[in-house]
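work.txt follows; it contains compact mmCIF, C-alpha atoms and all ligand atoms.
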```
# COMPACT_ATOMS: atom_id res chain seq x y z
CA MET X 128 162.46 67.34 71.92
CA SER X 129 160.26 70.43 72.57
CA CYS X 130 161.87 73.86 72.41
CA ALA X 131 160.73 76.27 75.22
CA LYS X 132 159.28 79.51 73.87
CA VAL X 133 161.34 82.60 74.76
CA PRO X 134 159.09 85.15 76.56
CA SER X 135 158.98 88.07 74.15
CA ALA X 136 155.61 89.83 74.50
CA ILE X 137 155.22 93.48 75.41
CA LEU X 138 152.38 94.50 77.71
CA VAL X 139 151.06 98.01 77.16
CA ASP X 140 149.69 99.23 80.48
CA LEU X 141 150.00 103.00 80.39
CA GLY X 142 147.15 103.38 82.87
CA ASN X 143 146.40 106.87 81.61
CA PRO X 144 143.61 106.71 78.97
CA ASP X 145 143.03 110.48 79.01
CA TRP X 146 146.60 110.93 77.79
CA ILE X 147 147.36 107.99 75.47
CA PRO X 148 144.85 105.10 75.41
CA ASP X 149 146.60 101.73 75.60
CA ASP X 150 145.29 100.57 72.21
CA ASN X 151 146.66 103.74 70.54
CA PHE X 152 150.08 103.05 71.99
CA GLN X 153 149.80 99.40 70.98
CA GLU X 154 149.21 100.56 67.38
CA PHE X 155 152.14 102.96 67.60
CA LEU X 156 154.45 100.16 68.77
CA LYS X 157 153.16 97.80 66.08
CA GLN X 158 154.24 100.31 63.44
CA HIS X 159 157.76 100.36 64.87
CA ILE X 160 158.05 96.66 65.73
CA PRO X 161 155.56 94.85 63.47
CA ASP X 162 156.86 91.38 64.35
CA ALA X 163 156.49 91.83 68.11
CA ASP X 164 153.67 90.37 70.16
CA ILE X 165 152.16 93.51 71.70
CA ARG X 166 149.22 93.22 74.07
CA CYS X 167 147.09 95.59 76.13
CA ALA X 168 146.52 95.14 79.85
CA SER X 169 142.81 94.68 79.15
CA ASP X 170 143.58 91.47 77.20
CA PRO X 171 147.03 90.30 78.29
CA GLY X 172 146.83 86.66 77.17
CA ASN X 173 149.27 84.17 78.68
CA LEU X 174 151.19 86.20 81.26
CA GLU X 175 154.22 83.91 81.05
CA ASP X 176 154.96 85.34 77.58
CA ILE X 177 155.45 88.88 78.83
CA CYS X 178 159.02 90.16 79.10
CA MET X 179 158.42 93.92 79.08
CA ILE X 180 155.79 96.34 80.35
CA ALA X 181 155.34 99.85 78.99
CA LEU X 182 153.69 101.90 81.69
CA ASN X 183 153.04 105.51 82.43
CA ARG X 184 151.26 105.33 85.76
CA ALA X 185 152.49 102.85 88.34
CA PRO X 186 151.56 100.41 89.73
CA THR X 187 150.69 98.04 86.92
CA ALA X 188 147.15 96.78 86.52
CA LEU X 189 148.54 93.24 86.70
CA ALA X 190 150.35 91.92 89.76
CA TYR X 191 154.09 91.55 89.21
CA SER X 192 153.81 88.14 90.83
CA SER X 193 151.71 87.03 87.86
CA LEU X 194 154.49 87.97 85.40
CA PRO X 195 157.21 85.37 86.05
CA ASN X 196 159.31 86.29 82.99
CA LEU X 197 159.18 90.06 83.23
CA GLN X 198 162.60 91.61 82.54
CA LEU X 199 161.95 95.28 81.88
CA VAL X 200 159.59 97.98 83.10
CA GLN X 201 159.76 100.76 80.52
CA ARG X 202 158.38 103.94 82.01
CA VAL X 203 156.74 106.01 79.29
CA GLY X 204 157.82 109.25 80.93
CA ALA X 205 160.76 110.60 82.94
CA GLY X 206 160.38 110.07 86.70
CA VAL X 207 160.50 106.51 88.03
CA ASP X 208 159.77 107.22 91.69
CA GLN X 209 156.32 105.62 91.56
CA VAL X 210 157.67 102.53 89.80
CA LEU X 211 160.39 102.08 92.41
CA ALA X 212 158.04 102.79 95.30
CA ASP X 213 155.97 99.72 94.46
CA PRO X 214 156.97 97.11 97.06
CA ALA X 215 155.85 94.37 94.69
CA LEU X 216 158.45 95.32 92.04
CA PRO X 217 160.78 92.31 91.74
CA GLY X 218 164.41 93.09 92.56
CA ASP X 219 165.79 91.71 89.31
CA VAL X 220 163.52 93.60 86.90
CA ARG X 221 165.30 96.35 84.97
CA ILE X 222 163.79 99.82 84.62
CA ALA X 223 164.21 102.30 81.82
CA ARG X 224 162.77 105.76 81.30
CA LEU X 225 162.51 108.19 78.37
CA LYS X 226 164.53 111.34 77.72
CA PRO X 227 162.46 113.24 75.17
CA GLN X 228 163.55 116.70 74.09
CA ALA X 229 160.11 118.32 74.03
CA PRO X 230 159.29 118.29 77.78
CA ALA X 231 162.82 119.44 78.60
CA ARG X 232 162.28 122.42 76.30
CA GLU X 233 158.84 122.99 77.81
CA ILE X 234 160.21 123.02 81.35
CA VAL X 235 162.83 125.53 80.22
CA GLU X 236 159.96 127.68 78.87
CA PHE X 237 158.00 127.25 82.09
CA CYS X 238 160.94 128.45 84.16
CA ILE X 239 161.57 131.36 81.81
CA ALA X 240 157.91 132.41 82.02
CA TYR X 241 157.88 132.58 85.81
CA VAL X 242 161.37 133.98 86.25
CA PHE X 243 160.56 136.87 83.90
CA ALA X 244 157.15 137.33 85.52
CA GLU X 245 159.10 138.17 88.69
CA GLN X 246 161.89 140.07 86.94
CA ARG X 247 159.27 142.34 85.36
CA HIS X 248 156.95 142.34 88.42
CA LEU X 249 153.97 140.99 86.48
CA PHE X 250 152.22 139.63 89.57
CA ARG X 251 152.44 143.06 91.21
CA TYR X 252 151.20 144.90 88.10
CA HIS X 253 148.29 142.50 87.86
CA ALA X 254 147.35 143.34 91.46
CA ALA X 255 147.90 147.07 90.84
CA GLN X 256 145.67 147.04 87.76
CA SER X 257 142.82 145.55 89.76
CA LYS X 258 143.08 148.68 91.97
CA THR X 259 143.54 151.07 88.98
CA GLU X 260 146.92 151.91 90.49
CA TRP X 261 149.75 153.39 88.35
CA MET X 262 152.80 151.89 90.02
CA GLN X 263 156.21 151.93 88.32
CA ILE X 264 158.81 149.43 89.55
CA PRO X 265 162.24 149.17 87.92
CA PRO X 266 162.76 145.81 86.20
CA ARG X 267 165.29 143.59 87.95
CA LYS X 268 168.60 143.39 86.11
CA THR X 269 169.27 140.02 84.54
CA GLN X 270 173.01 140.14 85.01
CA GLU X 271 172.54 140.88 88.72
CA THR X 272 170.12 137.98 89.23
CA THR X 273 171.32 134.57 90.34
CA ILE X 274 169.46 131.44 89.32
CA GLY X 275 170.06 128.22 91.23
CA VAL X 276 169.18 125.04 89.34
CA LEU X 277 168.80 121.96 91.53
CA GLY X 278 169.33 118.94 89.28
CA LEU X 279 171.61 119.14 86.25
CA GLY X 280 170.37 116.11 84.37
CA HIS X 281 168.60 115.80 81.04
CA ILE X 282 166.26 118.69 81.90
CA GLY X 283 168.13 120.71 84.52
CA ALA X 284 171.25 121.06 82.36
CA LYS X 285 169.14 122.64 79.60
CA VAL X 286 167.50 124.98 82.09
CA ALA X 287 170.86 126.05 83.50
CA ALA X 288 172.41 126.53 80.04
CA THR X 289 169.44 128.59 78.86
CA PHE X 290 169.51 130.99 81.81
CA SER X 291 173.25 131.36 81.39
CA TYR X 292 172.70 132.18 77.71
CA LEU X 293 170.10 134.78 78.74
CA GLY X 294 172.73 136.53 80.85
CA PHE X 295 171.83 135.42 84.36
CA GLN X 296 174.35 134.25 86.94
CA VAL X 297 173.70 130.52 87.17
CA ILE X 298 174.66 128.08 89.88
CA GLY X 299 173.84 124.43 89.28
CA TRP X 300 173.63 121.63 91.81
CA SER X 301 173.87 117.90 91.27
CA ARG X 302 174.85 114.71 93.08
CA SER X 303 178.12 114.21 91.21
CA PRO X 304 180.64 116.80 89.96
CA LYS X 305 179.81 118.45 86.63
CA THR X 306 181.24 120.95 84.20
CA LEU X 307 178.78 123.08 82.25
CA GLU X 308 179.78 126.14 80.28
CA GLY X 309 178.52 129.33 81.89
CA VAL X 310 177.30 127.52 84.99
CA GLN X 311 179.00 127.47 88.35
CA CYS X 312 178.55 123.81 89.22
CA GLN X 313 178.34 122.52 92.76
CA HIS X 314 177.48 119.11 94.07
CA GLY X 315 176.69 117.25 97.24
CA ARG X 316 174.45 117.93 100.19
CA GLU X 317 177.07 119.93 102.07
CA SER X 318 177.07 122.67 99.42
CA LEU X 319 173.28 123.09 99.24
CA LEU X 320 172.55 125.58 102.02
CA GLU X 321 175.27 128.01 100.98
CA LEU X 322 174.04 127.79 97.39
CA LEU X 323 170.46 128.54 98.45
CA GLY X 324 171.67 131.66 100.24
CA LYS X 325 173.00 133.10 96.95
CA CYS X 326 170.02 132.52 94.67
CA ASP X 327 167.24 134.91 93.68
CA PHE X 328 165.46 131.98 92.06
CA VAL X 329 165.69 128.33 93.01
CA LEU X 330 164.54 126.09 90.18
CA CYS X 331 164.04 122.56 91.36
CA ILE X 332 164.25 119.86 88.68
CA LEU X 333 165.31 116.92 90.77
CA PRO X 334 163.95 113.38 90.79
CA SER X 335 162.26 112.04 93.90
CA THR X 336 164.65 109.58 95.54
CA PRO X 337 165.34 108.54 99.13
CA ASP X 338 168.07 111.24 99.13
CA THR X 339 165.95 114.07 97.76
CA VAL X 340 162.59 113.55 99.47
CA ALA X 341 161.98 116.45 101.88
CA LEU X 342 165.16 118.16 100.68
CA LEU X 343 163.41 121.52 100.81
CA ASP X 344 162.47 121.72 104.46
CA GLN X 345 162.57 124.44 107.09
CA THR X 346 166.39 124.38 107.22
CA ALA X 347 166.57 124.86 103.46
CA PHE X 348 164.00 127.68 103.49
CA ASP X 349 165.81 129.42 106.36
CA ALA X 350 168.98 129.29 104.24
CA MET X 351 167.35 130.96 101.22
CA LYS X 352 168.04 134.51 100.19
CA PRO X 353 165.31 136.93 101.32
CA GLY X 354 163.04 137.73 98.37
CA ALA X 355 163.89 134.53 96.49
CA THR X 356 161.36 132.66 94.39
CA LEU X 357 161.09 128.88 94.46
CA ILE X 358 159.97 127.01 91.36
CA ASN X 359 159.37 123.28 91.67
CA ALA X 360 158.98 121.31 88.45
CA GLY X 361 160.63 118.14 89.79
CA ARG X 362 158.47 116.19 92.22
CA GLY X 363 156.11 117.34 94.98
CA ASP X 364 157.70 115.36 97.78
CA LEU X 365 160.99 117.26 97.43
CA ILE X 366 159.21 119.92 99.48
CA VAL X 367 157.85 119.58 103.02
CA ASP X 368 154.47 121.22 102.48
CA ASP X 369 153.93 122.48 106.04
CA HIS X 370 157.43 123.92 106.19
CA LEU X 371 156.86 125.80 102.95
CA ILE X 372 153.61 127.30 104.22
CA ASP X 373 155.36 128.35 107.45
CA ALA X 374 158.25 129.85 105.49
CA LEU X 375 155.94 131.82 103.18
CA ASN X 376 153.99 133.09 106.18
CA LYS X 377 157.10 134.58 107.75
CA GLU X 378 157.96 138.18 106.98
CA ASP X 379 161.56 137.55 105.94
CA ASP X 380 160.42 136.35 102.49
CA ARG X 381 162.53 133.19 102.39
CA PRO X 382 161.04 132.47 99.89
CA VAL X 383 158.79 135.32 98.82
CA ARG X 384 156.82 133.19 96.35
CA ALA X 385 156.54 129.55 95.29
CA ILE X 386 155.56 128.37 91.83
CA LEU X 387 154.52 124.75 92.17
CA ASP X 388 153.85 122.41 89.28
CA VAL X 389 154.14 119.12 91.19
CA PHE X 390 152.64 117.93 94.45
CA CYS X 391 152.85 115.08 96.93
CA VAL X 392 149.28 114.12 96.04
CA GLU X 393 148.02 114.78 92.51
CA PRO X 394 145.52 116.11 91.70
CA LEU X 395 146.15 118.48 94.60
CA PRO X 396 143.24 117.93 97.05
CA THR X 397 140.73 120.79 96.96
CA ASP X 398 141.17 121.45 100.69
CA HIS X 399 144.99 121.71 100.48
CA PRO X 400 146.23 125.04 101.93
CA PHE X 401 148.44 125.63 98.87
CA TRP X 402 145.36 126.47 96.76
CA ASN X 403 144.50 129.71 98.52
CA HIS X 404 147.89 130.86 99.69
CA PRO X 405 148.56 134.35 98.29
CA LYS X 406 152.26 133.59 97.74
CA ILE X 407 151.75 130.29 95.92
CA THR X 408 151.06 129.83 92.23
CA ILE X 409 149.82 126.41 91.23
CA THR X 410 150.04 124.76 87.85
CA PRO X 411 148.64 121.21 87.51
CA HIS X 412 151.76 119.20 86.55
CA VAL X 413 151.93 120.67 83.08
CA SER X 414 155.41 122.21 82.92
CA GLY X 415 156.65 119.37 80.67
CA TRP X 416 154.00 117.74 78.55
CA HIS X 417 154.73 116.38 75.09
CA ILE X 418 156.87 113.28 75.02
CA ASP X 419 156.26 112.19 71.42
CA ASP X 420 159.88 112.43 70.34
CA GLY X 421 160.86 109.96 73.08
CA LEU X 422 158.29 107.30 72.23
CA PRO X 423 160.33 105.48 69.53
CA ASP X 424 162.83 104.65 72.28
CA VAL X 425 160.28 102.22 73.74
CA ALA X 426 160.51 100.16 70.54
CA GLU X 427 164.27 100.57 70.47
CA ASN X 428 164.54 99.27 74.01
CA TYR X 429 162.49 96.23 73.07
CA HIS X 430 165.00 95.46 70.30
CA ARG X 431 167.88 96.00 72.72
CA LEU X 432 166.31 93.80 75.38
CA MET X 433 165.76 91.02 72.87
CA SER X 434 169.30 91.24 71.51
CA GLY X 435 171.07 91.71 74.85
CA LYS X 436 172.33 95.20 74.02
CA PRO X 437 172.59 98.00 76.62
CA LEU X 438 169.22 99.71 77.13
CA LEU X 439 168.58 103.37 76.43
CA HIS X 440 168.12 105.45 79.60
CA GLU X 441 168.29 102.55 82.03
CA VAL X 442 167.64 103.62 85.61
CA ASP X 443 170.12 102.89 88.38
CA ARG X 444 167.83 101.29 90.95
CA MET X 445 170.29 101.99 93.76
CA LYS X 446 170.38 105.73 92.98
CA GLY X 447 166.65 105.86 92.29
CA TYR X 448 166.84 107.71 88.98
P1 LIG X 501 167.95 113.12 85.22
O1 LIG X 501 167.98 111.76 85.83
O2 LIG X 501 168.51 113.29 83.85
O3 LIG X 501 168.71 114.15 86.17
C1 LIG X 501 168.54 114.15 87.55
C2 LIG X 501 169.48 115.19 88.13
O4 LIG X 501 169.24 115.25 89.54
C3 LIG X 501 170.95 114.83 87.95
O5 LIG X 501 171.69 115.98 87.66
C4 LIG X 501 171.34 114.29 89.31
O6 LIG X 501 172.70 114.44 89.66
C5 LIG X 501 170.48 115.14 90.20
N1 LIG X 501 170.32 114.50 91.51
C6 LIG X 501 169.73 113.32 91.78
N2 LIG X 501 169.82 113.04 93.09
C7 LIG X 501 170.50 114.07 93.64
C8 LIG X 501 170.93 114.36 94.95
N3 LIG X 501 170.70 113.52 95.97
N4 LIG X 501 171.60 115.51 95.17
C9 LIG X 501 171.87 116.35 94.15
N5 LIG X 501 171.48 116.14 92.88
C10 LIG X 501 170.81 115.00 92.63
O7 LIG X 501 166.43 113.56 85.27
P2 LIG X 501 165.66 114.62 84.35
O8 LIG X 501 166.44 115.86 84.26
O9 LIG X 501 165.22 113.99 83.08
O10 LIG X 501 164.32 114.83 85.20
C11 LIG X 501 164.38 115.25 86.55
C12 LIG X 501 163.02 115.08 87.18
O11 LIG X 501 162.10 116.02 86.65
C13 LIG X 501 162.34 113.74 86.89
O12 LIG X 501 162.83 112.72 87.72
C14 LIG X 501 160.91 114.04 87.16
O13 LIG X 501 160.65 113.82 88.53
C15 LIG X 501 160.79 115.54 86.88
N6 LIG X 501 159.97 115.81 85.69
C16 LIG X 501 158.88 116.63 85.84
C17 LIG X 501 158.10 116.93 84.76
C18 LIG X 501 156.96 117.87 84.91
O14 LIG X 501 156.12 117.97 84.01
N7 LIG X 501 156.86 118.61 86.00
C19 LIG X 501 158.36 116.37 83.44
C20 LIG X 501 159.55 115.56 83.37
C21 LIG X 501 160.31 115.28 84.48
P3 LIG X 501 173.86 113.70 88.81
O15 LIG X 501 173.90 114.45 87.50
O16 LIG X 501 175.05 113.89 89.63
O17 LIG X 501 173.43 112.28 88.64
```
Now that the file is in, can you turn its structure into structure tokens?
Ligand code: NDP
Amino acid sequence: MSCAKVPSAILVDLGNPDWIPDDNFQEFLKQHIPDADIRCASDPGNLEDICMIALNRAPTALAYSSLPNLQLVQRVGAGVDQVLADPALPGDVRIARLKPQAPAREIVEFCIAYVFAEQRHLFRYHAAQSKTEWMQIPPRKTQETTIGVLGLGHIGAKVAATFSYLGFQVIGWSRSPKTLEGVQCQHGRESLLELLGKCDFVLCILPSTPDTVALLDQTAFDAMKPGATLINAGRGDLIVDDHLIDALNKEDDRPVRAILDVFCVEPLPTDHPFWNHPKITITPHVSGWHIDDGLPDVAENYHRLMSGKPLLHEVDRMKGY
């Protein structure tokens, strides 16, 4: 009697050679799981053996239809919107993501950098210097500044806690109710517009899901506090681009400036109006970068998949994150 082989191979298909070449990640995984059959997308072997794909950029190089025994798509990163947007993704395949500490800390730093640039009027001093103008402006008081943090997950909760620690008034917003020390927590769509009206800074660290796409539209901008700054480090499609341009062009300063790290199309096309808008600051999706401390979880999830244990950071496909 022949015994059917259990599909147990991992396919490394990061699709991002400028970041981590597939063969480097294959080596990394081999060190953590030396007994596993780990293959690169360039030489995948018998596709029926593959039970797990590690990918960074979706879609996969191989068609899902050619992977009959695939059980897990392990995103080597945080957001899974591109994975879920692939219409070819089979309905029964599980999805997991990473929750590394380093990019969460880096996004906290990114937000701190731009919040204090506004608090201390650095953009205005830069402009004044170019005109040899001596212009004194009182710094804005931290304790009188309200920070709104949209998204209180792995990253957003750290952002909210940090600004609270720094002495700001902090209001956080999530899908479900939360309790965070020093943060006034709100949840649900119905509370969003009122929240936006209270915030001097709106820091957006939400995932892109069917519920959050186009969340920041004209209605949201109209609800913002005059003079507020918007920082988006979540996903580009949370914002309706045209509505943001219109809002920035109005004189009521709702918002007065937008700091954008993420965009609907990346790299941002050279002819996109964001590039030259005087009230927009662009960074090229760099607010969170290093994910090294999360990488061992890919190996751990392989073990868990093979032994039927709960996965680390499994995504709820219905919620979209
Ligand atoms: P999490 O899944 O840990 O947290 C997501 C948060 O968003 C949760 O608090 C969740 O609410 C909230 N949320 C989701 N949907 C809604 C909704 N409809 N209304 C209100 N709140 C909602 O994700 P992370 O914190 O790890 O990451 C967030 C996003 O940041 C990622 O999905 C990715 O897109 C982006 N990112 C960007 C990076 C960059 O370099 N710019 C780097 C890393 C991530 P609840 O708590 O109730 O579930």
Would you list the residues that come within 8 Å of ligand LIG 501 (chain X)? Count only C-alpha atoms and all ligand atoms and give the answer as number ranges by chain. X: 204-208, 225-226, 230-231, 234, 277-284, 300-305, 314-316, 332-339, 359-362, 388-389, 412-416, 446-448
Counting all atoms listed in the file, I want the residues whose atoms come within 8 Å of (155.9, 148.6, 92.0) in the file frame, returned as a tab-separated table (two decimals) with C-alpha atoms, in the coordinates of the input.
```tsv
chain	number	residue	atom	x	y	z
X	248	HIS	CA	156.95	142.34	88.42
X	251	ARG	CA	152.44	143.06	91.21
X	252	TYR	CA	151.20	144.90	88.10
X	262	MET	CA	152.80	151.89	90.02
X	263	GLN	CA	156.21	151.93	88.32
X	264	ILE	CA	158.81	149.43	89.55
X	265	PRO	CA	162.24	149.17	87.92
```
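Atom to atom, atom CA of Asp327 of chain X and atom CA of Ala244 of chain X stand 13.2 Å apart.
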Can you tell me, as JSON, numbers by chain, what residues are no more than 12 Å from Leu422 of chain X when counting all atoms listed in the file, ignoring any on the same chain fewer than 5 positions away? {"X": [147, 152, 153, 155, 156, 158, 159, 181, 182, 183, 201, 202, 203, 204, 205, 224, 225, 226, 227, 228, 229, 417, 427, 428, 429, 439]}
Could you list, as number ranges by chain, every residue within 12 Å of Asp373 of chain X, counting all atoms listed in the file and ignoring same-chain residues fewer than 5 positions away? X: 344-346, 348-349, 367-368, 378-383, 400-401, 404, 406
Point-to-point distance in Å for atom CA of Val425 of chain X and atom CA of Pro134 of chain X: 17.3 Å
Pick from X:Asn151, X:Gln198, X:Thr187, X:Ser257: nearest to Ala136 of chain X, with all atoms listed in the file counted?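 Checking each candidate against Ala136 of chain X, we get X:Gln198 as the closest.
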To one decimal in Å, tell me the separation between atom CA of Leu357 of chain X and atom CA of Ile418 of chain X.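 Atom CA of Ile418 of chain X lies 25.3 Å from atom CA of Leu357 of chain X.
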X:Arg232, X:His253, X:Arg184, X:Lys258: which is nearest Gly142 of chain X, counting all atoms listed in the file? X:Arg184
Selected residue of minimal separation from Tyr292 of chain X among X:Ala254, X:Asp398, X:Ile239, X:Leu211, counting only C-alpha atoms: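 Once distances to Tyr292 of chain X are computed over only C-alpha atoms, the minimum belongs to X:Ile239.
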For Leu199 of chain X, please output as a PDB file with C-alpha atoms, keeping the file's coordinate frame all residues within 6 Å (counting only C-alpha atoms; exclusion window: fewer than 5 positions along the same chain).
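part.pdb, freshly written:
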```pdb
ATOM      1  CA  MET X 179     158.420  93.920  79.080  1.00  0.00           C
ATOM      2  CA  VAL X 220     163.520  93.600  86.900  1.00  0.00           C
ATOM      3  CA  ARG X 221     165.300  96.350  84.970  1.00  0.00           C
ATOM      4  CA  ILE X 222     163.790  99.820  84.620  1.00  0.00           C
TER       5      ILE X 222
END
```
